[in-house]
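Text of the file target_24.pdb, holding PDB, C-alpha atoms, pLDDT in the B column:
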```
ATOM      1  CA  MET A   1      94.422 114.521 107.761  1.00 94.00           C
ATOM      2  CA  ARG A   2      95.768 112.244 105.016  1.00 93.00           C
ATOM      3  CA  GLY A   3      92.263 110.848 104.565  1.00 94.00           C
ATOM      4  CA  LEU A   4      90.622 114.267 104.544  1.00 95.00           C
ATOM      5  CA  ASN A   5      93.049 115.437 101.884  1.00 95.00           C
ATOM      6  CA  ILE A   6      91.901 112.772  99.433  1.00 95.00           C
ATOM      7  CA  VAL A   7      88.220 112.986 100.397  1.00 96.00           C
ATOM      8  CA  LEU A   8      88.179 116.755  99.892  1.00 96.00           C
ATOM      9  CA  GLY A   9      89.950 116.306  96.545  1.00 96.00           C
ATOM     10  CA  ALA A  10      87.284 113.873  95.390  1.00 95.00           C
ATOM     11  CA  LEU A  11      84.421 116.013  96.714  1.00 96.00           C
ATOM     12  CA  GLY A  12      85.917 119.045  94.989  1.00 94.00           C
ATOM     13  CA  ALA A  13      85.633 117.176  91.684  1.00 94.00           C
ATOM     14  CA  ALA A  14      82.052 116.221  92.522  1.00 94.00           C
ATOM     15  CA  THR A  15      81.119 119.908  92.896  1.00 94.00           C
ATOM     16  CA  GLY A  16      81.848 120.280  89.180  1.00 92.00           C
ATOM     17  CA  GLU A  17      79.407 117.464  88.504  1.00 90.00           C
ATOM     18  CA  ILE A  18      75.635 117.231  88.753  1.00 94.00           C
ATOM     19  CA  CYS A  19      76.358 116.313  92.397  1.00 95.00           C
ATOM     20  CA  LYS A  20      76.542 120.072  93.002  1.00 94.00           C
ATOM     21  CA  ASN A  21      72.740 120.081  93.082  1.00 93.00           C
ATOM     22  CA  CYS A  22      72.509 116.862  95.092  1.00 95.00           C
ATOM     23  CA  ILE A  23      71.617 116.269  98.728  1.00 95.00           C
ATOM     24  CA  GLY A  24      74.309 113.565  98.661  1.00 95.00           C
ATOM     25  CA  LEU A  25      77.030 116.184  98.316  1.00 95.00           C
ATOM     26  CA  GLU A  26      75.260 118.514 100.727  1.00 95.00           C
ATOM     27  CA  GLY A  27      75.273 115.729 103.333  1.00 95.00           C
ATOM     28  CA  ALA A  28      78.875 114.810 102.591  1.00 95.00           C
ATOM     29  CA  LYS A  29      79.919 118.429 103.039  1.00 95.00           C
ATOM     30  CA  THR A  30      78.248 118.532 106.450  1.00 95.00           C
ATOM     31  CA  LYS A  31      79.774 115.188 107.428  1.00 96.00           C
ATOM     32  CA  VAL A  32      83.294 116.176 106.394  1.00 96.00           C
ATOM     33  CA  GLY A  33      82.894 119.548 108.114  1.00 95.00           C
ATOM     34  CA  LYS A  34      82.059 117.704 111.330  1.00 96.00           C
ATOM     35  CA  MET A  35      85.029 115.339 110.871  1.00 95.00           C
ATOM     36  CA  VAL A  36      87.370 118.288 110.484  1.00 96.00           C
ATOM     37  CA  LYS A  37      85.870 120.036 113.521  1.00 95.00           C
ATOM     38  CA  LYS A  38      86.221 116.892 115.650  1.00 95.00           C
ATOM     39  CA  LEU A  39      89.805 116.430 114.500  1.00 94.00           C
ATOM     40  CA  GLY A  40      90.546 120.013 115.541  1.00 94.00           C
ATOM     41  CA  MET A  41      88.971 119.440 118.963  1.00 93.00           C
ATOM     42  CA  ASP A  42      90.851 116.154 119.405  1.00 93.00           C
ATOM     43  CA  LEU A  43      94.074 117.923 118.539  1.00 92.00           C
ATOM     44  CA  GLU A  44      93.367 120.552 121.198  1.00 89.00           C
ATOM     45  CA  THR A  45      92.974 117.946 123.901  1.00 90.00           C
ATOM     46  CA  THR A  46      95.764 115.660 122.802  1.00 86.00           C
ATOM     47  CA  SER A  47      99.223 115.677 124.316  1.00 86.00           C
ATOM     48  CA  ILE A  48     101.547 116.404 121.424  1.00 82.00           C
ATOM     49  CA  CYS A  49     104.640 117.646 123.199  1.00 81.00           C
ATOM     50  CA  CYS A  50     106.130 119.530 120.253  1.00 85.00           C
ATOM     51  CA  GLU A  51     104.284 122.840 119.987  1.00 85.00           C
ATOM     52  CA  LYS A  52     105.465 123.390 116.422  1.00 88.00           C
ATOM     53  CA  THR A  53     104.038 120.068 115.268  1.00 88.00           C
ATOM     54  CA  LYS A  54     100.762 120.873 116.963  1.00 89.00           C
ATOM     55  CA  ALA A  55     100.680 124.301 115.331  1.00 91.00           C
ATOM     56  CA  ASP A  56     101.431 122.742 111.927  1.00 92.00           C
ATOM     57  CA  PHE A  57      98.620 120.237 112.398  1.00 93.00           C
ATOM     58  CA  LYS A  58      96.253 123.004 113.447  1.00 93.00           C
ATOM     59  CA  ALA A  59      97.120 125.028 110.357  1.00 94.00           C
ATOM     60  CA  ARG A  60      96.429 122.008 108.162  1.00 94.00           C
ATOM     61  CA  ILE A  61      93.149 121.293 109.876  1.00 95.00           C
ATOM     62  CA  ASP A  62      92.168 124.943 109.425  1.00 95.00           C
ATOM     63  CA  SER A  63      92.915 124.689 105.713  1.00 95.00           C
ATOM     64  CA  PHE A  64      90.756 121.541 105.490  1.00 95.00           C
ATOM     65  CA  SER A  65      87.986 123.362 107.333  1.00 95.00           C
ATOM     66  CA  LYS A  66      88.176 126.176 104.795  1.00 95.00           C
ATOM     67  CA  ALA A  67      88.235 123.703 101.880  1.00 95.00           C
ATOM     68  CA  ALA A  68      85.170 121.908 103.271  1.00 95.00           C
ATOM     69  CA  GLU A  69      83.307 125.199 103.703  1.00 94.00           C
ATOM     70  CA  GLU A  70      84.182 126.225 100.163  1.00 93.00           C
ATOM     71  CA  LEU A  71      82.718 123.096  98.561  1.00 94.00           C
ATOM     72  CA  LYS A  72      80.180 124.558  96.187  1.00 93.00           C
ATOM     73  CA  VAL A  73      76.748 123.111  96.768  1.00 93.00           C
ATOM     74  CA  ALA A  74      73.561 124.561  95.273  1.00 92.00           C
ATOM     75  CA  GLU A  75      71.194 126.328  97.660  1.00 90.00           C
ATOM     76  CA  GLU A  76      68.322 124.044  96.733  1.00 92.00           C
ATOM     77  CA  CYS A  77      69.437 120.445  96.504  1.00 94.00           C
ATOM     78  CA  GLU A  78      67.610 117.331  95.482  1.00 94.00           C
ATOM     79  CA  CYS A  79      68.935 113.787  95.112  1.00 94.00           C
ATOM     80  CA  GLN A  80      69.921 113.673  91.459  1.00 94.00           C
ATOM     81  CA  LYS A  81      68.820 110.051  91.234  1.00 94.00           C
ATOM     82  CA  THR A  82      65.323 111.065  92.306  1.00 93.00           C
ATOM     83  CA  ALA A  83      65.510 113.972  89.863  1.00 92.00           C
ATOM     84  CA  GLY A  84      66.320 111.429  87.141  1.00 91.00           C
ATOM     85  CA  SER A  85      69.720 112.890  86.268  1.00 91.00           C
ATOM     86  CA  CYS A  86      72.083 110.522  88.079  1.00 94.00           C
ATOM     87  CA  LYS A  87      71.929 107.063  86.575  1.00 92.00           C
ATOM     88  CA  ILE A  88      75.017 105.410  88.056  1.00 92.00           C
ATOM     89  CA  GLY A  89      73.000 102.719  89.820  1.00 90.00           C
ATOM     90  CA  GLU A  90      72.754 102.094  93.548  1.00 91.00           C
ATOM     91  CA  GLY A  91      76.118 103.610  94.430  1.00 92.00           C
ATOM     92  CA  CYS A  92      76.972 107.245  95.058  1.00 94.00           C
ATOM     93  CA  PHE A  93      80.301 108.888  94.273  1.00 93.00           C
ATOM     94  CA  VAL A  94      80.247 111.309  97.187  1.00 95.00           C
ATOM     95  CA  ASN A  95      79.272 108.707  99.779  1.00 94.00           C
ATOM     96  CA  ALA A  96      81.966 106.374  98.450  1.00 94.00           C
ATOM     97  CA  ALA A  97      84.479 109.219  98.610  1.00 95.00           C
ATOM     98  CA  VAL A  98      83.620 109.957 102.247  1.00 95.00           C
ATOM     99  CA  ASP A  99      83.868 106.226 102.984  1.00 93.00           C
ATOM    100  CA  LEU A 100      87.549 106.372 102.039  1.00 94.00           C
ATOM    101  CA  MET A 101      87.987 107.649 105.610  1.00 94.00           C
ATOM    102  CA  LYS A 102      87.044 104.150 106.785  1.00 93.00           C
ATOM    103  CA  LEU A 103      90.332 102.864 105.383  1.00 92.00           C
ATOM    104  CA  ILE A 104      92.061 104.497 108.327  1.00 90.00           C
ATOM    105  CA  GLN A 105      92.609 102.211 111.291  1.00 83.00           C
TER     106      GLN A 105
ATOM    107  CA  MET B   1      63.224 110.925  71.526  1.00 67.00           C
ATOM    108  CA  ALA B   2      63.507 113.179  74.600  1.00 79.00           C
ATOM    109  CA  LYS B   3      66.953 113.777  76.028  1.00 86.00           C
ATOM    110  CA  ALA B   4      67.697 114.033  79.725  1.00 87.00           C
ATOM    111  CA  ARG B   5      70.768 115.307  81.541  1.00 90.00           C
ATOM    112  CA  CYS B   6      72.776 112.481  83.076  1.00 92.00           C
ATOM    113  CA  GLY B   7      76.012 114.092  84.189  1.00 92.00           C
ATOM    114  CA  ARG B   8      78.430 116.962  83.929  1.00 94.00           C
ATOM    115  CA  ILE B   9      81.925 116.056  82.806  1.00 95.00           C
ATOM    116  CA  LEU B  10      84.710 118.626  82.648  1.00 94.00           C
ATOM    117  CA  GLY B  11      82.181 121.412  83.063  1.00 92.00           C
ATOM    118  CA  GLN B  12      79.932 120.253  80.246  1.00 92.00           C
ATOM    119  CA  ASP B  13      76.403 119.000  80.828  1.00 93.00           C
ATOM    120  CA  ILE B  14      75.870 115.624  79.199  1.00 93.00           C
ATOM    121  CA  TYR B  15      72.507 114.579  77.801  1.00 93.00           C
ATOM    122  CA  ILE B  16      71.338 111.156  76.789  1.00 91.00           C
ATOM    123  CA  GLU B  17      68.305 109.606  75.154  1.00 90.00           C
ATOM    124  CA  GLU B  18      66.141 107.428  77.363  1.00 86.00           C
ATOM    125  CA  GLY B  19      67.276 103.782  77.244  1.00 85.00           C
ATOM    126  CA  ASP B  20      70.628 104.426  75.576  1.00 89.00           C
ATOM    127  CA  THR B  21      72.562 102.218  78.003  1.00 89.00           C
ATOM    128  CA  ALA B  22      75.621 101.891  75.749  1.00 90.00           C
ATOM    129  CA  THR B  23      76.268 105.638  75.856  1.00 92.00           C
ATOM    130  CA  LEU B  24      75.351 105.750  79.544  1.00 93.00           C
ATOM    131  CA  TYR B  25      78.052 103.176  80.290  1.00 93.00           C
ATOM    132  CA  PHE B  26      80.748 105.454  78.872  1.00 95.00           C
ATOM    133  CA  ILE B  27      79.326 108.585  80.482  1.00 95.00           C
ATOM    134  CA  ASN B  28      79.118 106.996  83.928  1.00 94.00           C
ATOM    135  CA  ASN B  29      82.673 105.697  83.643  1.00 95.00           C
ATOM    136  CA  LEU B  30      83.903 109.168  82.772  1.00 96.00           C
ATOM    137  CA  ARG B  31      81.936 110.659  85.664  1.00 95.00           C
ATOM    138  CA  ALA B  32      83.784 108.213  87.917  1.00 95.00           C
ATOM    139  CA  TYR B  33      87.222 108.919  86.426  1.00 96.00           C
ATOM    140  CA  GLN B  34      86.641 112.616  87.033  1.00 95.00           C
ATOM    141  CA  VAL B  35      86.334 111.926  90.776  1.00 95.00           C
ATOM    142  CA  VAL B  36      89.031 109.233  90.872  1.00 96.00           C
ATOM    143  CA  LEU B  37      91.611 111.443  89.163  1.00 96.00           C
ATOM    144  CA  ALA B  38      90.904 114.287  91.587  1.00 96.00           C
ATOM    145  CA  ALA B  39      91.468 111.864  94.454  1.00 95.00           C
ATOM    146  CA  LEU B  40      94.711 110.599  92.887  1.00 96.00           C
ATOM    147  CA  LYS B  41      95.934 114.172  92.387  1.00 96.00           C
ATOM    148  CA  ALA B  42      95.332 114.761  96.099  1.00 95.00           C
ATOM    149  CA  LEU B  43      97.268 111.574  96.868  1.00 95.00           C
ATOM    150  CA  ASP B  44     100.147 112.807  94.766  1.00 95.00           C
ATOM    151  CA  GLN B  45     100.622 115.530  97.406  1.00 93.00           C
ATOM    152  CA  ASP B  46     100.887 112.829 100.065  1.00 93.00           C
ATOM    153  CA  ILE B  47     103.715 110.371 100.815  1.00 93.00           C
ATOM    154  CA  CYS B  48     102.035 108.154  98.206  1.00 92.00           C
ATOM    155  CA  HIS B  49     103.968 110.290  95.707  1.00 94.00           C
ATOM    156  CA  ASP B  50     107.112 108.367  96.700  1.00 93.00           C
ATOM    157  CA  GLY B  51     105.492 104.934  96.914  1.00 92.00           C
ATOM    158  CA  CYS B  52     104.448 102.249  94.456  1.00 95.00           C
ATOM    159  CA  SER B  53     100.687 101.984  95.006  1.00 94.00           C
ATOM    160  CA  LEU B  54      99.862 105.377  93.530  1.00 95.00           C
ATOM    161  CA  PRO B  55     101.911 104.715  90.353  1.00 96.00           C
ATOM    162  CA  SER B  56     100.415 101.243  90.100  1.00 96.00           C
ATOM    163  CA  THR B  57      96.919 102.726  90.377  1.00 96.00           C
ATOM    164  CA  VAL B  58      97.751 105.449  87.862  1.00 97.00           C
ATOM    165  CA  ASN B  59      98.968 102.791  85.414  1.00 97.00           C
ATOM    166  CA  LYS B  60      95.720 100.897  85.893  1.00 97.00           C
ATOM    167  CA  VAL B  61      93.729 104.073  85.243  1.00 97.00           C
ATOM    168  CA  ILE B  62      95.715 104.755  82.068  1.00 97.00           C
ATOM    169  CA  LYS B  63      95.195 101.180  80.897  1.00 97.00           C
ATOM    170  CA  ARG B  64      91.471 101.266  81.684  1.00 96.00           C
ATOM    171  CA  LEU B  65      91.014 104.629  79.974  1.00 97.00           C
ATOM    172  CA  GLY B  66      92.773 103.191  76.922  1.00 97.00           C
ATOM    173  CA  LYS B  67      90.401 100.227  76.968  1.00 95.00           C
ATOM    174  CA  LEU B  68      87.427 102.547  77.438  1.00 95.00           C
ATOM    175  CA  LYS B  69      88.559 104.467  74.367  1.00 96.00           C
ATOM    176  CA  ASN B  70      88.849 101.276  72.309  1.00 95.00           C
ATOM    177  CA  ASP B  71      85.471 100.089  73.512  1.00 95.00           C
ATOM    178  CA  LEU B  72      83.948 103.460  72.636  1.00 95.00           C
ATOM    179  CA  GLU B  73      85.470 103.255  69.178  1.00 94.00           C
ATOM    180  CA  ALA B  74      83.954  99.819  68.653  1.00 94.00           C
ATOM    181  CA  SER B  75      80.575 100.744  70.116  1.00 93.00           C
ATOM    182  CA  ASP B  76      77.466 101.911  68.302  1.00 91.00           C
ATOM    183  CA  VAL B  77      77.432 105.239  70.157  1.00 92.00           C
ATOM    184  CA  SER B  78      76.550 108.057  67.759  1.00 91.00           C
ATOM    185  CA  ALA B  79      79.483 109.715  65.980  1.00 92.00           C
ATOM    186  CA  GLU B  80      78.737 113.109  67.498  1.00 91.00           C
ATOM    187  CA  LYS B  81      78.624 111.697  71.015  1.00 93.00           C
ATOM    188  CA  LYS B  82      81.753 109.617  70.361  1.00 94.00           C
ATOM    189  CA  GLU B  83      83.700 112.708  69.393  1.00 94.00           C
ATOM    190  CA  SER B  84      82.702 114.514  72.562  1.00 94.00           C
ATOM    191  CA  LEU B  85      83.522 111.515  74.773  1.00 96.00           C
ATOM    192  CA  PHE B  86      86.852 110.866  73.036  1.00 96.00           C
ATOM    193  CA  SER B  87      88.038 114.360  73.864  1.00 96.00           C
ATOM    194  CA  LYS B  88      87.102 113.848  77.515  1.00 97.00           C
ATOM    195  CA  ILE B  89      88.947 110.521  77.646  1.00 97.00           C
ATOM    196  CA  ASP B  90      91.990 112.240  76.143  1.00 97.00           C
ATOM    197  CA  THR B  91      91.824 114.974  78.783  1.00 97.00           C
ATOM    198  CA  PHE B  92      91.674 112.368  81.551  1.00 97.00           C
ATOM    199  CA  LEU B  93      94.528 110.416  79.942  1.00 97.00           C
ATOM    200  CA  ALA B  94      96.625 113.591  79.915  1.00 97.00           C
ATOM    201  CA  ASP B  95      95.775 114.178  83.584  1.00 97.00           C
ATOM    202  CA  ALA B  96      96.699 110.602  84.467  1.00 97.00           C
ATOM    203  CA  ASN B  97      99.925 110.806  82.488  1.00 97.00           C
ATOM    204  CA  GLY B  98     100.912 113.773  84.660  1.00 97.00           C
ATOM    205  CA  LEU B  99     100.837 111.563  87.754  1.00 97.00           C
ATOM    206  CA  PRO B 100     103.625 109.222  88.966  1.00 96.00           C
ATOM    207  CA  GLN B 101     103.929 105.951  87.034  1.00 96.00           C
ATOM    208  CA  ASP B 102     107.211 104.515  88.325  1.00 94.00           C
ATOM    209  CA  THR B 103     106.279 101.389  90.277  1.00 94.00           C
ATOM    210  CA  SER B 104     109.864 100.537  91.231  1.00 95.00           C
ATOM    211  CA  LYS B 105     109.688 102.642  94.398  1.00 93.00           C
ATOM    212  CA  THR B 106     109.121 101.124  97.807  1.00 93.00           C
ATOM    213  CA  CYS B 107     105.603 100.890  99.212  1.00 93.00           C
ATOM    214  CA  ARG B 108     105.334 103.514 101.942  1.00 93.00           C
ATOM    215  CA  LYS B 109     104.006 100.850 104.314  1.00 92.00           C
ATOM    216  CA  SER B 110     107.082  98.718 103.762  1.00 93.00           C
ATOM    217  CA  ALA B 111     109.157 101.872 104.238  1.00 93.00           C
ATOM    218  CA  GLY B 112     107.438 102.352 107.604  1.00 93.00           C
ATOM    219  CA  GLU B 113     105.918 105.716 106.701  1.00 93.00           C
ATOM    220  CA  CYS B 114     102.316 104.824 105.849  1.00 94.00           C
ATOM    221  CA  ILE B 115     100.626 103.732 109.046  1.00 93.00           C
ATOM    222  CA  ILE B 116      96.943 103.844 108.073  1.00 92.00           C
ATOM    223  CA  GLY B 117      96.441 100.101 108.590  1.00 90.00           C
ATOM    224  CA  SER B 118      95.703  97.408 106.035  1.00 91.00           C
ATOM    225  CA  GLY B 119      93.846  99.733 103.643  1.00 92.00           C
ATOM    226  CA  CYS B 120      95.330 101.807 100.854  1.00 93.00           C
ATOM    227  CA  PHE B 121      94.025 105.198  99.714  1.00 94.00           C
ATOM    228  CA  ALA B 122      95.128 104.703  96.105  1.00 93.00           C
ATOM    229  CA  ALA B 123      93.401 101.327  95.798  1.00 93.00           C
ATOM    230  CA  GLY B 124      90.365 102.734  97.590  1.00 94.00           C
ATOM    231  CA  ALA B 125      90.160 105.649  95.177  1.00 94.00           C
ATOM    232  CA  LEU B 126      90.270 103.282  92.202  1.00 94.00           C
ATOM    233  CA  GLY B 127      87.360 101.393  93.751  1.00 93.00           C
ATOM    234  CA  LEU B 128      85.143 104.419  93.090  1.00 92.00           C
ATOM    235  CA  ILE B 129      84.954 103.297  89.472  1.00 91.00           C
ATOM    236  CA  ASP B 130      83.411  99.988  90.418  1.00 89.00           C
ATOM    237  CA  ILE B 131      80.248 101.558  91.828  1.00 89.00           C
ATOM    238  CA  THR B 132      79.102 102.662  88.381  1.00 88.00           C
ATOM    239  CA  GLU B 133      76.388 100.900  86.446  1.00 83.00           C
ATOM    240  CA  PRO B 134      75.559  99.683  83.857  1.00 79.00           C
ATOM    241  CA  LYS B 135      78.422  97.238  83.708  1.00 77.00           C
ATOM    242  CA  SER B 136      80.350  96.880  80.470  1.00 74.00           C
ATOM    243  CA  PRO B 137      77.954  96.486  77.530  1.00 69.00           C
ATOM    244  CA  LYS B 138      78.571  93.765  74.963  1.00 62.00           C
ATOM    245  CA  ILE B 139      80.652  95.442  72.312  1.00 55.00           C
TER     246      ILE B 139
END
```
Please express what this file holds, its structure, as structure tokens.
Amino acid sequence: MRGLNIVLGALGAATGEICKNCIGLEGAKTKVGKMVKKLGMDLETTSICCEKTKADFKARIDSFSKAAEELKVAEECECQKTAGSCKIGEGCFVNAAVDLMKLIQ
Amino acid sequence: MAKARCGRILGQDIYIEEGDTATLYFINNLRAYQVVLAALKALDQDICHDGCSLPSTVNKVIKRLGKLKNDLEASDVSAEKKESLFSKIDTFLADANGLPQDTSKTCRKSAGECIIGSGCFAAGALGLIDITEPKSPKI
């Protein structure tokens, strides 16, 4: 959840960028949505003895799910590098943002 | 010369002339800071708020934005474009200045609270800047 918080923050900023029209952000949105869903399912099956803690976690995960759904992506997306708009080089802000999840061990 | 869109910073579409790599360097850096600062603001809601890595990263961002501003000043970017980019740097500097900068606090790992492993979200967020190209032009 700590990772998702920062990733969603970064992706939220990217929606205000040309990334809004990019398949990179569209893919990241799908990926993060799946991460949140899996986290919710893992929470369901896990044995957290304190019901309140579990309920708190579930509420947080639900809010992340909502935040992921609300990421504004254009209906018709195209890689903005291919479109000639994104000239940052080989890297990609949204992919790098999602990769922040890999910091978690 | 034809202009093409190469980013949207703080809600404003940014256009550039083909081959103007000096201006592109500043634009791409600002595109990155836009994302990095959003990530750092999210971190400020986390336990990182009470640690030393977030403030240390914020201080680095402030320092780098200051350098970016100086480099922009010394560059041959057009005056009109400079003005527009200066105001964006100032907005980001104000955002960064609103984040924690006191590095005297204890790292949340040392305090036993941050248990994500050897990585660090704040340092990772700062790394987003390093993916931008072109690298610093000769100014």
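With CA of Arg108 in chain B on one side and CA of Asp46 in chain B on the other, the separation reads 10.5 Å.
Residues matched by the PyMOL selection byres ((chain A and resi 87) around 9) in this file are Gln80, Lys81, Gly84, Ser85, Cys86, Ile88, Gly89 and Glu90 of chain A; Cys6, Gly7, Leu24, Asn28, Thr132, Glu133 and Pro134 of chain B.
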Using the selection just defined, write its residues with C-alpha atoms as a PDB file, in the frame of the given file.
```
ATOM      1  CA  GLN A  80      69.921 113.673  91.459  1.00 94.00           C
ATOM      2  CA  LYS A  81      68.820 110.051  91.234  1.00 94.00           C
ATOM      3  CA  GLY A  84      66.320 111.429  87.141  1.00 91.00           C
ATOM      4  CA  SER A  85      69.720 112.890  86.268  1.00 91.00           C
ATOM      5  CA  CYS A  86      72.083 110.522  88.079  1.00 94.00           C
ATOM      6  CA  ILE A  88      75.017 105.410  88.056  1.00 92.00           C
ATOM      7  CA  GLY A  89      73.000 102.719  89.820  1.00 90.00           C
ATOM      8  CA  GLU A  90      72.754 102.094  93.548  1.00 91.00           C
TER       9      GLU A  90
ATOM     10  CA  CYS B   6      72.776 112.481  83.076  1.00 92.00           C
ATOM     11  CA  GLY B   7      76.012 114.092  84.189  1.00 92.00           C
ATOM     12  CA  LEU B  24      75.351 105.750  79.544  1.00 93.00           C
ATOM     13  CA  ASN B  28      79.118 106.996  83.928  1.00 94.00           C
ATOM     14  CA  THR B 132      79.102 102.662  88.381  1.00 88.00           C
ATOM     15  CA  GLU B 133      76.388 100.900  86.446  1.00 83.00           C
ATOM     16  CA  PRO B 134      75.559  99.683  83.857  1.00 79.00           C
TER      17      PRO B 134
END
```
Who sits within 9 Å of range 101-104 of chain A, only C-alpha atoms, same chain under 3 positions skipped, as JSON, numbers by chain | {"A": [3, 4, 6, 7, 97, 98], "B": [115, 116, 117, 118, 119, 120, 121, 124]}
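Near range 42-44 of chain A, within a cut-off of 12 Å and counting all atoms listed in the file, sit the residues Met1, Met35, Val36, Lys37, Cys49, Glu51, Thr53, Lys54, Ala55, Asp56, Phe57, Lys58, Ala59, Arg60, Ile61 and Asp62 of chain A, with same-chain residues fewer than 5 positions away left out.
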For chain B, list the residues within 10 Å of chain A, counting only C-alpha atoms, and write the list as a PyMOL selection string.
-> chain B and resi 4-16+21+24-25+27-29+31-47+114-125+127-135
Exercise: range 92-97 of chain B partners within 7 Å, all atoms listed in the file, chain neighbours under 6 positions left out, as a ChimeraX atom specification | /B:37,58,62,65
Nearest candidate to Lys66 in chain A (options A:Lys52, A:Ser47, A:Lys29, A:Met41; using all atoms listed in the file) = A:Lys29
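The spacing separating CA of Cys50 in chain A from CA of Glu113 in chain B amounts to 19.4 Å.
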Could you work out an axis-aligned box for range 78-91 of chain A, taking every atom the file lists and adding 5 Å on each side, and report centre and edge lengths in Å to one decimal, as JSON?
```
{"center_x": 70.7, "center_y": 109.7, "center_z": 90.9, "size_x": 20.8, "size_y": 25.2, "size_z": 19.2}
```
Name every residue that the PyMOL selection byres ((chain B and resi 74-82) around 9) selects in this structure, writing the answer as number ranges by chain with chains first and numbers rising.
-> B: 20, 22-23, 69-73, 83-87, 137-139
Write the residues of the preceding selection, restricted to C-alpha atoms, as an mmCIF file, in the coordinates of the input.
```
data_model
loop_
_atom_site.group_PDB
_atom_site.id
_atom_site.type_symbol
_atom_site.label_atom_id
_atom_site.label_comp_id
_atom_site.auth_asym_id
_atom_site.auth_seq_id
_atom_site.Cartn_x
_atom_site.Cartn_y
_atom_site.Cartn_z
ATOM 1 C CA ASP B 20 70.628 104.426 75.576
ATOM 2 C CA ALA B 22 75.621 101.891 75.749
ATOM 3 C CA THR B 23 76.268 105.638 75.856
ATOM 4 C CA LYS B 69 88.559 104.467 74.367
ATOM 5 C CA ASN B 70 88.849 101.276 72.309
ATOM 6 C CA ASP B 71 85.471 100.089 73.512
ATOM 7 C CA LEU B 72 83.948 103.460 72.636
ATOM 8 C CA GLU B 73 85.470 103.255 69.178
ATOM 9 C CA GLU B 83 83.700 112.708 69.393
ATOM 10 C CA SER B 84 82.702 114.514 72.562
ATOM 11 C CA LEU B 85 83.522 111.515 74.773
ATOM 12 C CA PHE B 86 86.852 110.866 73.036
ATOM 13 C CA SER B 87 88.038 114.360 73.864
ATOM 14 C CA PRO B 137 77.954 96.486 77.530
ATOM 15 C CA LYS B 138 78.571 93.765 74.963
ATOM 16 C CA ILE B 139 80.652 95.442 72.312
#
```
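For the pair CA of Thr91 in chain B and CA of Val61 in chain B, the separation is 12.8 Å.
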